[in-house]
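Engineer: The structure follows.
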Amino acid sequence: MCGRFTSTRSPQELTRLFHVTDWRPEEALEPSWNVAPTDEVFAVLERTARDDGDEVRRELRALKWGLVPSWAKDPKTGSRMINARVETVHEKPAYRRAFAKRRCLLPADGFYEWETVRDEATGKPRKQPYFIHPGDGQVMAMAGLYEYWRDPDVTSGDDPDAWLMTCTIITTEATDAAGRVHPRMPLALTPDHYDAWLDPHHQNTDDLRALLTRPADGRLDARPVSAAVNNVRNNGPHLVDAAG
């Protein structure tokens, strides 16, 4: 699974890296070295303009992490849907419509996973966190889905508070350094697949699944880090420093 990650690049850098045409300065997010479920995260997505159904715009948006299906009765459902397995994402009721029509990229510097190890001091098992990231320092474009949820308590559909936009991260079997720590990991796309993945007119399930291949091109590094990352209130670049 993917339950924590880092996202520290500025919106200006992300718009350049992903060739974004539209972003909203009011949705700017602070850098985070400890992104947790239900936090707002940057997402790159493409949507057709409301006034021109043929024009597709690439946007950088701030979405809540934890997908809330359109049919959900309560937005709290999202806290249980932070990840979607690549093996079944195209057929699960909570994800299949979004997989066909509402795909996104979730930029990250890297992610955290935990390995059960034996504590040398106590002899008891403990969870050792690792920071896993591309070895070349490039951005990870994690494959994701997004969805709209209509708040029935807001009368007007034109009210910005009427709609909640949420997202989930697609995960796959872990490879390389990540596989030595945890059996699952987020699935990151290579730049040559960005356009096809984001295109809302591209709805062939088999073709889309073919884009979801080897994560991060197989070049990942992992290092043990401090247990400080375990507390969601902790943040800062020190969280990704190698544990002493």
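Convention: chains lettered A, B, ... in structure tokens order; per-chain residue numbering from 1; ligands numbered from 1 as shown.
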Check chain A with DSSP on the backbone and list each residue it calls strand (DSSP E or B), as a ChimeraX atom specification.
Structural biologist: /A:5-7,22-23,32-35,40-49,52-65,83-85,103-108,110-118,125-134,140-150,163-173,184-186,188,220-225,242
Engineer: Which residues, written as an MDAnalysis selection string, have at least one atom at most 8 Å from stretch 73-88 of chain A, with only C-alpha atoms counted and residues fewer than 2 positions away on the same chain left out?
Structural biologist: chainID A and resid 1:3 37:38 65:69 71 90:92 95 149 166:172 212
Engineer: Kindly export the residues of the current selection with C-alpha atoms, as an mmCIF file, in the first residue's frame.
Structural biologist:
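Printed below is part.cif as written:
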```cif
data_model
loop_
_atom_site.group_PDB
_atom_site.id
_atom_site.type_symbol
_atom_site.label_atom_id
_atom_site.label_comp_id
_atom_site.auth_asym_id
_atom_site.auth_seq_id
_atom_site.Cartn_x
_atom_site.Cartn_y
_atom_site.Cartn_z
ATOM 1 C CA MET A 1 0.000 0.000 0.000
ATOM 2 C CA CYS A 2 0.957 3.650 0.041
ATOM 3 C CA GLY A 3 -0.006 5.426 3.257
ATOM 4 C CA PRO A 37 -4.520 10.194 4.148
ATOM 5 C CA THR A 38 -7.257 12.866 4.032
ATOM 6 C CA TRP A 65 -6.514 12.060 -0.616
ATOM 7 C CA GLY A 66 -9.027 9.255 -0.093
ATOM 8 C CA LEU A 67 -11.525 8.643 -2.895
ATOM 9 C CA VAL A 68 -15.203 9.180 -2.136
ATOM 10 C CA PRO A 69 -17.391 7.468 -4.784
ATOM 11 C CA TRP A 71 -22.749 7.233 -4.685
ATOM 12 C CA HIS A 90 -10.897 -1.496 -13.583
ATOM 13 C CA GLU A 91 -13.663 -3.677 -12.146
ATOM 14 C CA LYS A 92 -14.233 -2.615 -8.523
ATOM 15 C CA TYR A 95 -13.145 2.776 -8.950
ATOM 16 C CA TRP A 149 -18.951 13.784 -4.540
ATOM 17 C CA THR A 166 -11.031 13.322 -3.957
ATOM 18 C CA CYS A 167 -8.382 10.937 -5.250
ATOM 19 C CA THR A 168 -6.755 7.561 -4.743
ATOM 20 C CA ILE A 169 -3.317 6.112 -5.593
ATOM 21 C CA ILE A 170 -3.037 2.981 -7.723
ATOM 22 C CA THR A 171 -0.686 0.388 -6.224
ATOM 23 C CA THR A 172 1.095 -2.631 -7.640
ATOM 24 C CA LEU A 212 0.410 0.556 -15.962
#
```
Engineer: Calculated over only C-alpha atoms, which of the candidates A:Arg58, A:His202, A:Arg97, A:Arg103 has the smallest distance to A:Tyr146?
Structural biologist: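 Under the stated criterion, the closest residue is A:Arg103.
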Engineer: Between atom CA of A:Tyr194 and atom CA of A:Ala98, what is the distance, to one decimal in Å?
Structural biologist: 16.5 Å
Engineer: Listing only residues of stretch 76-113 of chain A within 12 Å of stretch 11-16 of chain A, what is the closest atom pair and its distance in Å (to one decimal) for each, using only C-alpha atoms, sorted by chain and residue number ascending, as a tab-separated table?
Structural biologist:
```
residue	atom	partner	partner_atom	distance
A:Leu105	CA	A:Leu14	CA	11.0
A:Leu106	CA	A:Leu14	CA	10.4
A:Pro107	CA	A:Leu14	CA	7.9
A:Ala108	CA	A:Leu14	CA	10.2
A:Asp109	CA	A:Leu14	CA	11.6
```
Engineer: Restricting the output to N, CA and C atoms, write the selected residues as a PDB file, in the first residue's frame.
Structural biologist:
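To be explicit, this is the file written out as out09.pdb:
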```
ATOM      1  N   LEU A 105      -2.496  12.193 -12.234  1.00  0.00           N
ATOM      2  CA  LEU A 105      -1.146  11.921 -11.773  1.00  0.00           C
ATOM      3  C   LEU A 105      -0.943  12.658 -10.459  1.00  0.00           C
ATOM      4  N   LEU A 106      -0.337  11.993  -9.492  1.00  0.00           N
ATOM      5  CA  LEU A 106      -0.104  12.583  -8.182  1.00  0.00           C
ATOM      6  C   LEU A 106       1.405  12.717  -7.990  1.00  0.00           C
ATOM      7  N   PRO A 107       1.944  13.924  -8.142  1.00  0.00           N
ATOM      8  CA  PRO A 107       3.398  14.113  -8.057  1.00  0.00           C
ATOM      9  C   PRO A 107       3.920  13.877  -6.641  1.00  0.00           C
ATOM     10  N   ALA A 108       5.049  13.208  -6.553  1.00  0.00           N
ATOM     11  CA  ALA A 108       5.676  12.928  -5.261  1.00  0.00           C
ATOM     12  C   ALA A 108       7.187  12.880  -5.435  1.00  0.00           C
ATOM     13  N   ASP A 109       7.891  13.155  -4.354  1.00  0.00           N
ATOM     14  CA  ASP A 109       9.347  12.994  -4.356  1.00  0.00           C
ATOM     15  C   ASP A 109       9.713  11.551  -4.006  1.00  0.00           C
TER      16      ASP A 109
END
```
Engineer: Hey, what's within 8 Å of A:Leu164 if we count only C-alpha atoms and toss same-chain stuff fewer than 2 positions away? As a list in words, please?
Structural biologist: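 In the requested form, the answer reads Tyr148, Trp149, Arg150, Asp151, Asp161, Ala162 and Thr166 of chain A.
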Engineer: Just to be explicit: take each residue in the selection above, keep C-alpha atoms, and write the result as an mmCIF file, in the first residue's frame.
Structural biologist:
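The file below, part-v5.cif, is the result:
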```
data_model
loop_
_atom_site.group_PDB
_atom_site.id
_atom_site.type_symbol
_atom_site.label_atom_id
_atom_site.label_comp_id
_atom_site.auth_asym_id
_atom_site.auth_seq_id
_atom_site.Cartn_x
_atom_site.Cartn_y
_atom_site.Cartn_z
ATOM 1 C CA TYR A 148 -16.631 14.084 -7.510
ATOM 2 C CA TRP A 149 -18.951 13.784 -4.540
ATOM 3 C CA ARG A 150 -22.035 16.000 -4.255
ATOM 4 C CA ASP A 151 -22.782 17.229 -0.738
ATOM 5 C CA ASP A 161 -18.790 23.761 -1.289
ATOM 6 C CA ALA A 162 -21.347 21.561 -3.049
ATOM 7 C CA THR A 166 -11.031 13.322 -3.957
#
```
Engineer: Once DSSP has gone over the backbone, tell me which residues of stretch 36-229 of chain A are in helix (DSSP H, G or I), as number ranges by chain.
Structural biologist: A: 75-80, 96-101, 160-162, 176-179, 191-198, 205-211, 215-218, 227-229
Engineer: Record the distance separating atom CA of A:Thr8 and atom CA of A:Ala49, expressed in Å with one decimal.
Structural biologist: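 So the answer is 29.0 Å.
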Engineer: Could you check which of A:Leu29, A:Ala36, A:Trp114, A:Leu198 is closest to A:Arg184, using only C-alpha atoms?
Structural biologist: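 Result for the nearest residue to A:Arg184: A:Trp114.
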Engineer: Near A:Trp33, counting only C-alpha atoms, which residues have an atom at most 8 Å away, once you skip same-chain residues fewer than 6 positions from it, shown as a PDB file with N, CA, C and O atoms, in the first residue's frame?
Structural biologist:
```
ATOM      1  N   PHE A   5       3.558   9.838   1.828  1.00  0.00           N
ATOM      2  CA  PHE A   5       4.537  10.197   0.813  1.00  0.00           C
ATOM      3  C   PHE A   5       4.995  11.632   1.009  1.00  0.00           C
ATOM      4  O   PHE A   5       4.503  12.333   1.900  1.00  0.00           O
ATOM      5  N   THR A   6       5.959  12.051   0.206  1.00  0.00           N
ATOM      6  CA  THR A   6       6.467  13.415   0.291  1.00  0.00           C
ATOM      7  C   THR A   6       6.124  14.158  -0.988  1.00  0.00           C
ATOM      8  O   THR A   6       6.168  13.591  -2.087  1.00  0.00           O
ATOM      9  N   SER A   7       5.784  15.421  -0.842  1.00  0.00           N
ATOM     10  CA  SER A   7       5.448  16.270  -1.988  1.00  0.00           C
ATOM     11  C   SER A   7       5.934  17.674  -1.670  1.00  0.00           C
ATOM     12  O   SER A   7       5.274  18.412  -0.935  1.00  0.00           O
ATOM     13  N   THR A   8       7.092  18.035  -2.199  1.00  0.00           N
ATOM     14  CA  THR A   8       7.711  19.310  -1.809  1.00  0.00           C
ATOM     15  C   THR A   8       7.925  20.268  -2.972  1.00  0.00           C
ATOM     16  O   THR A   8       8.371  21.391  -2.759  1.00  0.00           O
ATOM     17  N   ASN A 235       6.733  17.079  10.559  1.00  0.00           N
ATOM     18  CA  ASN A 235       6.969  17.436   9.170  1.00  0.00           C
ATOM     19  C   ASN A 235       8.323  18.123   9.059  1.00  0.00           C
ATOM     20  O   ASN A 235       8.877  18.563  10.062  1.00  0.00           O
ATOM     21  N   GLY A 236       8.842  18.207   7.858  1.00  0.00           N
ATOM     22  CA  GLY A 236      10.114  18.860   7.631  1.00  0.00           C
ATOM     23  C   GLY A 236      11.093  17.956   6.929  1.00  0.00           C
ATOM     24  O   GLY A 236      10.953  16.720   6.928  1.00  0.00           O
ATOM     25  N   PRO A 237      12.116  18.517   6.288  1.00  0.00           N
ATOM     26  CA  PRO A 237      13.075  17.728   5.493  1.00  0.00           C
ATOM     27  C   PRO A 237      13.863  16.715   6.306  1.00  0.00           C
ATOM     28  O   PRO A 237      14.401  15.750   5.738  1.00  0.00           O
ATOM     29  N   LEU A 239      12.779  14.458   8.056  1.00  0.00           N
ATOM     30  CA  LEU A 239      12.109  13.158   8.062  1.00  0.00           C
ATOM     31  C   LEU A 239      12.690  12.198   7.032  1.00  0.00           C
ATOM     32  O   LEU A 239      12.567  10.982   7.184  1.00  0.00           O
ATOM     33  N   VAL A 240      13.318  12.723   5.967  1.00  0.00           N
ATOM     34  CA  VAL A 240      13.861  11.839   4.930  1.00  0.00           C
ATOM     35  C   VAL A 240      15.363  11.622   5.113  1.00  0.00           C
ATOM     36  O   VAL A 240      15.986  10.937   4.293  1.00  0.00           O
TER      37      VAL A 240
END
```
Engineer: For A:Glu59, find every residue with an atom within 7 Å (counting only C-alpha atoms), except residues of its own chain fewer than 5 positions away, and show them as a PDB file with N, CA and C atoms, in the first residue's frame.
Structural biologist:
```pdb
ATOM      1  N   VAL A  20       1.238  21.867 -17.503  1.00  0.00           N
ATOM      2  CA  VAL A  20      -0.090  22.276 -17.057  1.00  0.00           C
ATOM      3  C   VAL A  20      -0.456  23.624 -17.673  1.00  0.00           C
ATOM      4  N   THR A  21      -1.693  23.755 -18.093  1.00  0.00           N
ATOM      5  CA  THR A  21      -2.159  25.025 -18.666  1.00  0.00           C
ATOM      6  C   THR A  21      -2.993  25.839 -17.687  1.00  0.00           C
ATOM      7  N   ASP A  22      -3.609  25.169 -16.706  1.00  0.00           N
ATOM      8  CA  ASP A  22      -4.472  25.875 -15.754  1.00  0.00           C
ATOM      9  C   ASP A  22      -4.165  25.438 -14.328  1.00  0.00           C
ATOM     10  N   TRP A  23      -3.903  26.406 -13.469  1.00  0.00           N
ATOM     11  CA  TRP A  23      -3.829  26.099 -12.040  1.00  0.00           C
ATOM     12  C   TRP A  23      -4.320  27.306 -11.270  1.00  0.00           C
ATOM     13  N   VAL A  44      -2.460  16.271 -11.091  1.00  0.00           N
ATOM     14  CA  VAL A  44      -2.484  16.734 -12.482  1.00  0.00           C
ATOM     15  C   VAL A  44      -3.574  15.953 -13.185  1.00  0.00           C
ATOM     16  N   LEU A  45      -4.508  16.660 -13.814  1.00  0.00           N
ATOM     17  CA  LEU A  45      -5.620  15.992 -14.490  1.00  0.00           C
ATOM     18  C   LEU A  45      -6.040  16.780 -15.715  1.00  0.00           C
ATOM     19  N   GLU A  46      -6.800  16.142 -16.574  1.00  0.00           N
ATOM     20  CA  GLU A  46      -7.326  16.805 -17.768  1.00  0.00           C
ATOM     21  C   GLU A  46      -8.844  16.732 -17.759  1.00  0.00           C
TER      22      GLU A  46
END
```
